[in-house]
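Here is the file upload-v6.tsv (TSV, C-alpha atoms and all ligand atoms).
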```tsv
chain	number	residue	atom	x	y	z
Q	1	SER	CA	88.67	104.80	135.41
Q	2	ILE	CA	90.54	102.21	133.38
Q	3	PRO	CA	88.70	98.89	133.10
Q	4	LEU	CA	90.57	96.06	134.75
Q	5	GLY	CA	90.69	94.01	131.57
Q	6	TYR	CA	93.25	96.40	130.16
Q	7	PHE	CA	95.76	95.49	132.83
Q	8	GLY	CA	95.30	91.85	131.90
Q	9	GLY	CA	95.90	92.71	128.24
Q	10	ILE	CA	98.98	94.81	128.92
Q	11	GLY	CA	100.36	92.08	131.19
Q	12	ARG	CA	99.62	89.37	128.69
Q	13	ALA	CA	101.37	91.33	125.93
Q	14	ALA	CA	104.35	92.06	128.19
Q	15	LYS	CA	104.77	88.35	128.85
Q	16	GLU	CA	105.25	87.90	125.13
Q	17	GLY	CA	107.78	90.70	124.91
Q	18	ILE	CA	105.34	93.34	123.66
Q	19	LEU	CA	105.49	96.35	125.99
Q	20	VAL	CA	102.41	98.55	125.58
Q	21	LYS	CA	102.80	101.94	127.27
Q	22	GLY	CA	99.13	102.50	128.06
Q	23	SER	CA	95.61	101.19	127.70
Q	24	ASN	CA	94.90	103.79	124.98
Q	25	PHE	CA	97.58	102.19	122.79
Q	26	LEU	CA	96.25	98.71	123.40
Q	27	ASP	CA	92.87	100.05	122.36
Q	28	ALA	CA	94.33	101.64	119.22
Q	29	LEU	CA	96.20	98.45	118.36
Q	30	SER	CA	92.93	96.52	118.38
Q	31	ARG	CA	91.63	98.89	115.69
Q	32	ALA	CA	94.75	98.85	113.47
Q	33	THR	CA	93.67	99.36	109.85
Q	34	VAL	CA	97.00	100.26	108.27
Q	35	VAL	CA	100.32	98.82	109.37
Q	36	ALA	CA	103.38	100.51	107.86
Q	37	PHE	CA	106.74	98.79	108.33
Q	38	ASP	CA	110.13	100.34	107.84
Q	39	LYS	CA	112.20	98.01	105.65
Q	40	THR	CA	115.78	97.90	106.86
Q	41	GLY	CA	116.24	96.17	110.18
Q	42	THR	CA	112.50	95.70	110.58
Q	43	LEU	CA	111.38	93.45	107.71
Q	44	THR	CA	114.95	92.66	106.72
Q	45	LYS	CA	117.76	91.50	109.00
Q	46	GLY	CA	119.63	94.75	108.54
Q	47	VAL	CA	122.84	92.80	108.17
Q	48	PHE	CA	124.26	93.85	104.82
Q	49	LYS	CA	126.93	92.01	102.87
Q	50	VAL	CA	128.96	93.23	99.91
Q	51	THR	CA	128.00	91.00	96.98
Q	52	LYS	CA	129.66	92.77	94.05
Q	53	ILE	CA	132.19	95.48	93.18
Q	54	GLU	CA	132.15	97.18	89.75
Q	55	THR	CA	134.91	99.61	88.83
Q	56	ARG	CA	134.93	102.49	86.33
Q	57	ASN	CA	137.45	104.95	84.89
Q	58	GLY	CA	140.56	102.89	85.61
Q	59	PHE	CA	140.08	102.39	89.32
Q	60	SER	CA	140.77	98.96	90.83
Q	61	GLU	CA	138.43	97.00	93.11
Q	62	ASP	CA	140.93	97.23	95.93
Q	63	GLU	CA	141.24	100.97	95.56
Q	64	ILE	CA	137.54	101.74	95.64
Q	65	LEU	CA	136.93	99.34	98.52
Q	66	ARG	CA	139.69	101.02	100.52
Q	67	PHE	CA	138.43	104.55	99.76
Q	68	ALA	CA	134.87	103.51	100.59
Q	69	ALA	CA	135.87	101.85	103.88
Q	70	LEU	CA	137.86	104.89	104.98
Q	71	ALA	CA	135.08	107.29	104.02
Q	72	GLU	CA	132.58	105.15	105.96
Q	73	ALA	CA	134.90	104.75	108.97
Q	74	HIS	CA	132.76	106.91	111.25
Q	75	SER	CA	129.37	105.72	110.02
Q	76	ASN	CA	127.26	103.13	111.82
Q	77	HIS	CA	124.90	102.66	108.90
Q	78	PRO	CA	124.43	98.98	107.93
Q	79	ILE	CA	125.88	99.85	104.50
Q	80	ALA	CA	128.99	101.31	106.14
Q	81	LYS	CA	129.40	98.22	108.31
Q	82	ALA	CA	129.18	95.93	105.26
Q	83	ILE	CA	131.80	97.92	103.37
Q	84	LYS	CA	134.19	97.95	106.34
Q	85	GLU	CA	133.71	94.23	106.83
Q	86	ALA	CA	134.44	93.52	103.16
Q	87	TYR	CA	137.58	95.68	103.39
Q	88	GLY	CA	138.59	93.63	106.42
Q	89	ARG	CA	141.68	95.59	107.36
Q	90	GLU	CA	142.49	98.02	110.15
Q	91	ILE	CA	141.55	101.58	109.29
Q	92	ASP	CA	144.22	104.18	109.91
Q	93	GLU	CA	142.13	106.98	111.41
Q	94	THR	CA	144.86	109.57	110.91
Q	95	GLN	CA	144.20	109.44	107.16
Q	96	ILE	CA	140.64	110.69	107.63
Q	97	LYS	CA	140.92	114.46	107.56
Q	98	GLU	CA	137.24	115.34	107.23
Q	99	HIS	CA	134.03	113.40	107.18
Q	100	GLU	CA	130.35	114.13	106.92
Q	101	GLU	CA	127.29	111.84	106.87
Q	102	ILE	CA	124.33	113.04	104.85
Q	103	ALA	CA	121.13	111.30	106.01
Q	104	GLY	CA	119.42	109.35	103.25
Q	105	HIS	CA	122.31	110.04	100.87
Q	106	GLY	CA	125.63	108.68	102.07
Q	107	VAL	CA	128.96	110.04	103.25
Q	108	ARG	CA	131.61	112.50	102.14
Q	109	ALA	CA	135.16	112.42	103.45
Q	110	ARG	CA	138.67	113.63	102.80
Q	111	ILE	CA	141.23	110.83	102.94
Q	112	ASP	CA	144.61	112.59	103.08
Q	113	ASP	CA	144.38	114.68	99.90
Q	114	THR	CA	141.61	112.68	98.27
Q	115	GLU	CA	137.93	113.70	98.27
Q	116	VAL	CA	135.71	110.60	98.53
Q	117	MET	CA	131.95	110.23	98.31
Q	118	VAL	CA	129.98	107.04	98.95
Q	119	GLY	CA	126.25	106.93	98.49
Q	120	ASN	CA	123.18	106.58	96.34
Q	121	ASP	CA	121.93	108.18	93.12
Q	122	ARG	CA	120.52	111.07	95.11
Q	123	LEU	CA	123.95	111.90	96.58
Q	124	LEU	CA	125.61	111.90	93.16
Q	125	HIS	CA	122.79	113.94	91.72
Q	126	LYS	CA	123.23	116.48	94.49
Q	127	PHE	CA	126.87	116.94	93.48
Q	128	ASN	CA	126.28	116.65	89.73
Q	129	ILE	CA	128.36	113.51	89.23
Q	130	GLU	CA	127.59	111.45	86.14
Q	131	HIS	CA	127.26	107.78	86.97
Q	132	ASP	CA	125.73	104.47	85.98
Q	133	THR	CA	122.07	103.93	86.72
Q	134	CYS	CA	122.05	100.38	88.00
Q	135	HIS	CA	119.04	98.16	88.13
Q	136	VAL	CA	120.47	95.40	90.24
Q	137	LYS	CA	119.35	93.16	93.04
Q	138	GLY	CA	120.71	95.06	95.97
Q	139	THR	CA	121.48	98.40	97.46
Q	140	VAL	CA	123.97	100.40	95.43
Q	141	ALA	CA	126.74	102.50	96.96
Q	142	HIS	CA	128.45	104.60	94.28
Q	143	ILE	CA	132.03	105.72	94.86
Q	144	VAL	CA	133.34	109.07	93.68
Q	145	VAL	CA	137.04	109.92	93.98
Q	146	ASN	CA	138.11	113.53	93.52
Q	147	GLY	CA	134.90	114.24	91.61
Q	148	LYS	CA	135.41	111.29	89.28
Q	149	TYR	CA	133.04	108.33	89.14
Q	150	ALA	CA	135.03	105.27	90.33
Q	151	GLY	CA	132.36	102.55	90.34
Q	152	TYR	CA	129.89	101.00	92.70
Q	153	ILE	CA	129.52	98.41	95.41
Q	154	ILE	CA	126.40	96.25	95.69
Q	155	ILE	CA	125.25	95.45	99.18
Q	156	SER	CA	122.50	92.97	99.96
Q	157	ASP	CA	120.32	92.35	102.95
Q	158	GLU	CA	118.08	89.38	103.71
Q	159	ILE	CA	114.40	89.18	104.56
Q	160	LYS	CA	113.73	87.93	108.09
Q	161	GLU	CA	112.13	84.49	108.05
Q	162	ASP	CA	109.39	85.84	110.25
Q	163	SER	CA	108.36	88.72	107.93
Q	164	PRO	CA	106.12	86.87	105.44
Q	165	ILE	CA	104.30	85.23	108.37
Q	166	ALA	CA	103.68	88.65	109.92
Q	167	VAL	CA	102.22	90.11	106.71
Q	168	LYS	CA	99.98	87.09	106.14
Q	169	GLU	CA	98.76	87.12	109.74
Q	170	LEU	CA	97.95	90.85	109.69
Q	171	LYS	CA	95.85	90.37	106.58
Q	172	ARG	CA	94.10	87.37	108.07
Q	173	LEU	CA	93.19	89.60	111.01
Q	174	GLY	CA	91.54	92.00	108.58
Q	175	VAL	CA	94.14	94.79	108.59
Q	176	LYS	CA	93.24	96.69	105.40
Q	177	LYS	CA	96.70	97.59	104.23
Q	178	VAL	CA	100.25	96.49	104.97
Q	179	ILE	CA	102.74	99.08	103.73
Q	180	MET	CA	106.54	99.27	103.54
Q	181	LEU	CA	108.59	102.46	103.79
Q	182	THR	CA	112.25	102.68	102.85
Q	183	GLY	CA	115.08	104.99	101.98
Q	184	ASP	CA	116.45	102.26	99.76
Q	185	ASN	CA	116.00	102.16	95.98
Q	186	ARG	CA	112.83	101.23	94.11
Q	187	ASP	CA	114.21	97.97	92.66
Q	188	VAL	CA	115.10	96.57	96.06
Q	189	ALA	CA	111.80	97.73	97.56
Q	190	ASP	CA	109.78	96.22	94.70
Q	191	GLU	CA	111.51	92.86	95.03
Q	192	ILE	CA	111.00	92.68	98.79
Q	193	ALA	CA	107.38	93.89	98.62
Q	194	LYS	CA	106.61	91.14	96.09
Q	195	GLN	CA	108.26	88.47	98.20
Q	196	LEU	CA	106.34	89.53	101.29
Q	197	GLY	CA	102.94	90.21	99.77
Q	198	ILE	CA	103.07	93.87	100.82
Q	199	ASP	CA	100.19	95.91	99.33
Q	200	GLU	CA	102.00	99.19	98.83
Q	201	PHE	CA	105.51	100.53	99.20
Q	202	TYR	CA	107.21	103.91	99.24
Q	203	ALA	CA	110.91	103.92	98.30
Q	204	GLU	CA	113.80	106.40	98.14
Q	205	LEU	CA	112.38	108.27	101.11
Q	206	LEU	CA	114.36	110.66	103.26
Q	207	PRO	CA	113.66	110.37	106.99
Q	208	GLU	CA	111.37	113.43	106.76
Q	209	ASP	CA	109.48	111.87	103.83
Q	210	LYS	CA	108.57	108.93	106.05
Q	211	VAL	CA	106.93	111.39	108.45
Q	212	LYS	CA	104.98	112.85	105.51
Q	213	VAL	CA	103.73	109.43	104.41
Q	214	ILE	CA	102.41	108.73	107.93
Q	215	GLU	CA	100.82	112.19	108.11
Q	216	GLU	CA	99.09	111.52	104.79
Q	217	LEU	CA	97.78	108.16	106.05
Q	218	GLU	CA	96.56	109.85	109.22
Q	219	ARG	CA	94.72	112.48	107.16
Q	220	LYS	CA	93.05	109.90	104.93
Q	221	LYS	CA	91.84	107.50	107.61
Q	222	LYS	CA	88.17	107.32	108.51
Q	223	GLY	CA	86.31	107.09	111.81
Q	224	ASP	CA	88.23	105.25	114.48
Q	225	GLU	CA	90.70	103.63	112.11
Q	226	LYS	CA	94.25	103.51	113.44
Q	227	ILE	CA	97.61	103.84	111.70
Q	228	VAL	CA	100.48	101.79	113.08
Q	229	PHE	CA	104.14	102.38	112.21
Q	230	VAL	CA	106.81	99.80	113.00
Q	231	GLY	CA	110.49	100.71	112.83
Q	232	ASP	CA	113.81	99.62	114.26
Q	233	GLY	CA	114.38	103.08	115.63
Q	234	ILE	CA	117.39	104.21	113.62
Q	235	ASN	CA	116.33	107.69	112.43
Q	236	ASP	CA	112.73	106.67	113.08
Q	237	ALA	CA	111.82	108.58	116.23
Q	238	PRO	CA	109.90	111.38	114.43
Q	239	VAL	CA	107.95	108.79	112.42
Q	240	LEU	CA	107.16	106.76	115.55
Q	241	ALA	CA	105.80	109.92	117.16
Q	242	ARG	CA	103.47	110.72	114.27
Q	243	ALA	CA	101.56	107.42	113.98
Q	244	ASP	CA	98.58	106.53	116.20
Q	245	VAL	CA	100.70	103.65	117.41
Q	246	GLY	CA	104.48	103.86	117.00
Q	247	VAL	CA	106.14	100.50	117.50
Q	248	ALA	CA	109.89	100.23	118.09
Q	249	MET	CA	111.18	96.78	117.34
Q	250	GLY	CA	114.31	95.04	118.51
Q	251	ALA	CA	116.27	95.53	121.70
Q	252	LEU	CA	118.89	97.14	119.46
Q	253	GLY	CA	116.64	100.14	118.76
Q	254	SER	CA	117.99	103.49	119.90
Q	255	ASP	CA	117.09	104.90	123.31
Q	256	ALA	CA	115.32	107.78	121.60
Q	257	ALA	CA	113.06	105.35	119.73
Q	258	ILE	CA	112.28	103.31	122.85
Q	259	GLU	CA	111.35	106.54	124.60
Q	260	THR	CA	109.21	107.88	121.74
Q	261	ALA	CA	107.49	104.60	120.91
Q	262	ASP	CA	104.03	103.70	122.20
Q	263	VAL	CA	104.82	100.01	121.98
Q	264	VAL	CA	108.23	98.37	122.29
Q	265	VAL	CA	108.77	94.87	120.95
Q	266	MET	CA	111.68	93.28	122.77
Q	267	ASP	CA	112.84	90.88	120.08
Q	268	ASP	CA	113.03	91.60	116.36
Q	269	LYS	CA	110.10	89.50	115.14
Q	270	PRO	CA	107.57	91.34	112.96
Q	271	SER	CA	105.01	88.63	113.83
Q	272	LYS	CA	104.82	90.19	117.29
Q	273	LEU	CA	102.59	92.76	115.60
Q	274	PRO	CA	99.70	90.50	114.66
Q	275	ARG	CA	100.20	88.87	118.05
Q	276	GLY	CA	99.75	92.26	119.72
Q	277	VAL	CA	96.64	93.01	117.66
Q	278	LYS	CA	95.14	89.67	118.70
Q	279	ILE	CA	95.85	90.26	122.40
Q	280	ALA	CA	94.44	93.80	122.09
Q	281	ARG	CA	91.23	92.54	120.51
Q	282	ARG	CA	90.78	89.82	123.08
Q	283	THR	CA	91.21	92.45	125.79
Q	284	GLN	CA	88.53	94.57	124.12
Q	285	ARG	CA	86.06	91.73	124.38
Q	286	ILE	CA	86.77	91.38	128.08
Q	287	VAL	CA	86.54	95.12	128.70
Q	288	TRP	CA	83.31	95.80	126.82
Q	301	LIG	P1	116.36	102.82	105.28
Q	301	LIG	O1	114.99	103.35	105.02
Q	301	LIG	O2	116.65	101.65	104.41
Q	301	LIG	O3	116.64	102.60	106.72
Q	301	LIG	P2	118.23	105.16	105.31
Q	301	LIG	O4	117.38	106.36	105.44
Q	301	LIG	O5	119.07	104.76	106.46
Q	301	LIG	O6	117.37	103.92	104.73
Q	301	LIG	O7	119.18	105.36	104.04
Q	301	LIG	C1	118.61	105.53	102.79
Q	301	LIG	C2	119.63	105.34	101.71
Q	301	LIG	O8	120.66	106.35	101.83
Q	301	LIG	C3	120.37	104.04	101.75
Q	301	LIG	O9	119.67	102.99	101.12
Q	301	LIG	C4	121.65	104.41	101.02
Q	301	LIG	O10	121.42	104.39	99.62
Q	301	LIG	C5	121.91	105.83	101.44
Q	301	LIG	N1	122.83	105.89	102.58
Q	301	LIG	C6	122.53	106.32	103.84
Q	301	LIG	N2	123.61	106.28	104.64
Q	301	LIG	C7	124.63	105.78	103.89
Q	301	LIG	C8	126.01	105.47	104.14
Q	301	LIG	N3	126.59	105.66	105.33
Q	301	LIG	N4	126.75	104.99	103.11
Q	301	LIG	C9	126.20	104.78	101.90
Q	301	LIG	N5	124.92	105.04	101.60
Q	301	LIG	C10	124.13	105.53	102.58
Q	302	MG	MG	116.38	102.77	108.80
```

What is this structure when it is put down as structure tokens?
Ligand code: ADP
Ligand code: MG
Amino acid sequence: SIPLGYFGGIGRAAKEGILVKGSNFLDALSRATVVAFDKTGTLTKGVFKVTKIETRNGFSEDEILRFAALAEAHSNHPIAKAIKEAYGREIDETQIKEHEEIAGHGVRARIDDTEVMVGNDRLLHKFNIEHDTCHVKGTVAHIVVNGKYAGYIIISDEIKEDSPIAVKELKRLGVKKVIMLTGDNRDVADEIAKQLGIDEFYAELLPEDKVKVIEELERKKKGDEKIVFVGDGINDAPVLARADVGVAMGALGSDAAIETADVVVMDDKPSKLPRGVKIARRTQRIVW
């Protein structure tokens, strides 16, 4: 039978917008030893803004912004949204003849007779396009037009005000390691990890690499240690499923993530994590 104290704990957590899907997860949360956060949309606001446009090979800023916006027309990625917002004009859908989104890479599209690619180093590497290697403060979206490097757009996100508090609180509670996972580049990840006091980060990960990182953490843990993963749900469902406790954060998370997650945090505050751990531990003391 389930001790009554658990119901109190689950109810208490629910009142604070932390929905725990079972007493076993509340129990696991109380023993959290590693907490791994996804970066975009979880530790950061996930609201990207174009901060710079650099052109190459005779292209104009206007041209590459237009090509990029059209190529990203069908993408919901935060990067795509930022580019479309910076473009700021109506997109004539009839010009988009083909389009393809490559997870963790970017997009490829045909705009009338022009082949356009928008994405990261990995995308350009995949198609053997020579390009600048930028070490800049921000996420880089390279633009390739008909196989020719046309420049890049820098997109920046902001750290949530609540994120440093969450990291500090988790450590104060004795969580051994706070980790960040991201598909974004190493420079951005390094900067954010430093600002947040994150112990360890893994960057340039494909969605399947994130699963591997969690599997590795699960293999290495000892005794009744528990691994927690916190994501906003976009492409995260397989990662959420693999951790001892998968936490989907933000009401904006996808239905798939809310279904797969063991814990759903209603708002988008990372500090709900240490809060959940505290409630879980208090429940433990009542139960045992
Ligand atoms: P995150 O871990 O930050 O959520 P994603 O897996 O969504 O990252 O994407 C990883 C990287 O792939 C992005 O940082 C970006 O470089 C590239 N990328 C993915 N989708 C797009 C897109 N629609 N346009 C441009 N770049 C993209
Ligand atoms: Mg993501």

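Minimum distance to Val47 in chain Q across Q:Asp113, Q:Glu208, Q:Asp190, Q:Asp157 (counting only C-alpha atoms) occurs at Q:Asp157.
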
Query - Surrounding residues as a ChimeraX atom specification, ligand LIG 301 (chain Q), max 6 Å, all atoms listed in the file - result: /Q:39-40,75,77,79-80,103-107,118-120,141,182-184,206-207

Query raised in the report: Hey, which of Q:Ile214, Q:Ala68, Q:Met266, Q:Leu181 ends up closest to ligand MG 302 (chain Q)? Count only C-alpha atoms and all ligand atoms.
Result: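 Among the listed residues, Q:Leu181 lies closest to ligand MG 302 (chain Q).
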
Requested in this report: In the coordinate frame of the file, compute which residues have an atom within 9 Å of (101.2, 101.5, 98.1) when using all atoms listed in the file, and state them as number ranges by chain.
Outcome: Q: 177-180, 198-202

Requested in this report: Grab me every residue within 7 Å of ligand MG 302 (chain Q), counting all atoms listed in the file, and send it over as a ChimeraX atom specification.
Outcome: /Q:38,40-41,232,234-236

Report task. Could you check how far CA of Leu240 in chain Q sits from CA of Thr139 in chain Q, in Å to one decimal? Result -> 24.5 Å

Query raised in the report: CA of Glu63 in chain Q to CA of Asn146 in chain Q: how many Å, to one decimal?
Result: 13.1 Å

Report task. Using all atoms listed in the file, determine which residues lie at most 7 Å from range 133-138 of chain Q, disregarding the query and same-chain residues fewer than 4 positions distant; provide the list as a list in words. Result -> Ile154, Ile155, Ser156, Asp187 and Val188 of chain Q

Query raised in the report: For Ala82 in chain Q, which residue out of Q:Ile153, Q:Ile18, Q:Val167, Q:Ile129 is the nearest one, using all atoms listed in the file?
Result: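 Result for the nearest residue to Ala82 in chain Q: Q:Ile153.
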
Requested in this report: Step by step: start from the point (136.8, 95.0, 108.9) in the file's coordinates, keep every protein, DNA or RNA residue that has an atom no farther than 12 Å from it, count all atoms listed in the file, and write the set as a ChimeraX atom specification.
Outcome: /Q:49,65-66,69-70,72-73,80-92

Just C-alpha atoms for this one: save the residues we selected as an mmCIF file, in the coordinates of the input.
```cif
data_model
loop_
_atom_site.group_PDB
_atom_site.id
_atom_site.type_symbol
_atom_site.label_atom_id
_atom_site.label_comp_id
_atom_site.auth_asym_id
_atom_site.auth_seq_id
_atom_site.Cartn_x
_atom_site.Cartn_y
_atom_site.Cartn_z
ATOM 1 C CA LYS Q 49 126.930 92.010 102.870
ATOM 2 C CA LEU Q 65 136.930 99.340 98.520
ATOM 3 C CA ARG Q 66 139.690 101.020 100.520
ATOM 4 C CA ALA Q 69 135.870 101.850 103.880
ATOM 5 C CA LEU Q 70 137.860 104.890 104.980
ATOM 6 C CA GLU Q 72 132.580 105.150 105.960
ATOM 7 C CA ALA Q 73 134.900 104.750 108.970
ATOM 8 C CA ALA Q 80 128.990 101.310 106.140
ATOM 9 C CA LYS Q 81 129.400 98.220 108.310
ATOM 10 C CA ALA Q 82 129.180 95.930 105.260
ATOM 11 C CA ILE Q 83 131.800 97.920 103.370
ATOM 12 C CA LYS Q 84 134.190 97.950 106.340
ATOM 13 C CA GLU Q 85 133.710 94.230 106.830
ATOM 14 C CA ALA Q 86 134.440 93.520 103.160
ATOM 15 C CA TYR Q 87 137.580 95.680 103.390
ATOM 16 C CA GLY Q 88 138.590 93.630 106.420
ATOM 17 C CA ARG Q 89 141.680 95.590 107.360
ATOM 18 C CA GLU Q 90 142.490 98.020 110.150
ATOM 19 C CA ILE Q 91 141.550 101.580 109.290
ATOM 20 C CA ASP Q 92 144.220 104.180 109.910
#
```

Requested in this report: Please indicate the distance in Å from CA of His142 in chain Q to CA of Met117 in chain Q, rounded to one decimal place.
Outcome: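 Between these atoms lies a distance of 7.8 Å.
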
Report task. Might you pull out every residue within 9 Å of Pro274 in chain Q, with only C-alpha atoms counted and same-chain residues fewer than 3 positions away left off, and present them as a count of residues only? Result -> 11

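Remark: for Leu205 in chain Q, the closest of the candidate residues Q:Arg186, Q:Leu43, Q:Phe229, Q:Thr283 is Q:Arg186 (distances computed over all atoms listed in the file).
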
Requested in this report: Rank Q:Asn24, Q:Gln95, Q:Thr44, Q:Thr51 by their smallest atom-to-atom distance to Pro164 in chain Q, using only C-alpha atoms, and report the top residue only.
Outcome: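 When distances to Pro164 in chain Q are compared using only C-alpha atoms, the smallest one comes from Q:Thr44.
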
Query raised in the report: Which one of Q:Val265, Q:Ile227, Q:Leu124, Q:Ala256 sits closest to Ala36 in chain Q if you count all atoms listed in the file?
Result: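 Counting all atoms listed in the file, the residue closest to Ala36 in chain Q is Q:Ile227.
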
Ile96 in chain Q surroundings by only C-alpha atoms, 7 Å radius, close-in-sequence under 5 positions cut, as a short mmCIF file (atom, residue, chain, number, x, y, z; two decimals) with C-alpha atoms, keeping the file's coordinate frame:
```
data_model
loop_
_atom_site.label_atom_id
_atom_site.label_comp_id
_atom_site.auth_asym_id
_atom_site.auth_seq_id
_atom_site.Cartn_x
_atom_site.Cartn_y
_atom_site.Cartn_z
CA LEU Q 70 137.86 104.89 104.98
CA ARG Q 110 138.67 113.63 102.80
CA ILE Q 111 141.23 110.83 102.94
CA ASP Q 112 144.61 112.59 103.08
#
```

I'd like the neighbourhood of Thr260 in chain Q as a PDB file with C-alpha atoms, in the coordinates of the input, where a residue qualifies if any of its atoms comes within 9 Å (using all atoms listed in the file), though same-chain residues fewer than 6 positions away should be ignored.
```pdb
ATOM      1  CA  ALA Q 237     111.820 108.580 116.230  1.00  0.00           C
ATOM      2  CA  PRO Q 238     109.900 111.380 114.430  1.00  0.00           C
ATOM      3  CA  LEU Q 240     107.160 106.760 115.550  1.00  0.00           C
ATOM      4  CA  ALA Q 241     105.800 109.920 117.160  1.00  0.00           C
ATOM      5  CA  GLY Q 246     104.480 103.860 117.000  1.00  0.00           C
ATOM      6  CA  ALA Q 248     109.890 100.230 118.090  1.00  0.00           C
TER       7      ALA Q 248
END
```

Because the input lacks atoms here, generate N, CA and C atoms for range 194-207 of chain Q and report them as a PDB file, in the frame of the given file.
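Listing of result07.pdb after writing:
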```pdb
ATOM      1  N   LYS Q 194     107.186  92.296  96.803  1.00  0.00           N
ATOM      2  CA  LYS Q 194     106.610  91.140  96.090  1.00  0.00           C
ATOM      3  C   LYS Q 194     106.781  89.877  96.920  1.00  0.00           C
ATOM      4  N   GLN Q 195     107.993  89.681  97.427  1.00  0.00           N
ATOM      5  CA  GLN Q 195     108.260  88.470  98.200  1.00  0.00           C
ATOM      6  C   GLN Q 195     107.430  88.373  99.463  1.00  0.00           C
ATOM      7  N   LEU Q 196     107.060  89.524 100.016  1.00  0.00           N
ATOM      8  CA  LEU Q 196     106.340  89.530 101.290  1.00  0.00           C
ATOM      9  C   LEU Q 196     104.829  89.676 101.147  1.00  0.00           C
ATOM     10  N   GLY Q 197     104.367  89.983  99.942  1.00  0.00           N
ATOM     11  CA  GLY Q 197     102.940  90.210  99.770  1.00  0.00           C
ATOM     12  C   GLY Q 197     102.476  91.530 100.369  1.00  0.00           C
ATOM     13  N   ILE Q 198     103.375  92.516 100.326  1.00  0.00           N
ATOM     14  CA  ILE Q 198     103.070  93.870 100.820  1.00  0.00           C
ATOM     15  C   ILE Q 198     102.188  94.577  99.790  1.00  0.00           C
ATOM     16  N   ASP Q 199     101.141  95.267 100.243  1.00  0.00           N
ATOM     17  CA  ASP Q 199     100.190  95.910  99.330  1.00  0.00           C
ATOM     18  C   ASP Q 199     100.770  97.123  98.624  1.00  0.00           C
ATOM     19  N   GLU Q 200     101.581  97.890  99.336  1.00  0.00           N
ATOM     20  CA  GLU Q 200     102.000  99.190  98.830  1.00  0.00           C
ATOM     21  C   GLU Q 200     103.365  99.500  99.406  1.00  0.00           C
ATOM     22  N   PHE Q 201     104.241 100.110  98.609  1.00  0.00           N
ATOM     23  CA  PHE Q 201     105.510 100.530  99.200  1.00  0.00           C
ATOM     24  C   PHE Q 201     105.900 101.923  98.738  1.00  0.00           C
ATOM     25  N   TYR Q 202     106.664 102.591  99.558  1.00  0.00           N
ATOM     26  CA  TYR Q 202     107.210 103.910  99.240  1.00  0.00           C
ATOM     27  C   TYR Q 202     108.717 103.787  99.364  1.00  0.00           C
ATOM     28  N   ALA Q 203     109.460 104.088  98.275  1.00  0.00           N
ATOM     29  CA  ALA Q 203     110.910 103.920  98.300  1.00  0.00           C
ATOM     30  C   ALA Q 203     111.624 105.260  98.149  1.00  0.00           C
ATOM     31  N   GLU Q 204     112.940 105.223  98.298  1.00  0.00           N
ATOM     32  CA  GLU Q 204     113.800 106.400  98.140  1.00  0.00           C
ATOM     33  C   GLU Q 204     113.337 107.571  99.016  1.00  0.00           C
ATOM     34  N   LEU Q 205     112.881 107.248 100.197  1.00  0.00           N
ATOM     35  CA  LEU Q 205     112.380 108.270 101.110  1.00  0.00           C
ATOM     36  C   LEU Q 205     113.493 108.788 102.005  1.00  0.00           C
ATOM     37  N   LEU Q 206     113.486 110.078 102.244  1.00  0.00           N
ATOM     38  CA  LEU Q 206     114.360 110.660 103.260  1.00  0.00           C
ATOM     39  C   LEU Q 206     113.622 110.476 104.581  1.00  0.00           C
ATOM     40  N   PRO Q 207     114.359 110.542 105.708  1.00  0.00           N
ATOM     41  CA  PRO Q 207     113.660 110.370 106.990  1.00  0.00           C
ATOM     42  C   PRO Q 207     112.424 111.283 107.122  1.00  0.00           C
TER      43      PRO Q 207
END
```
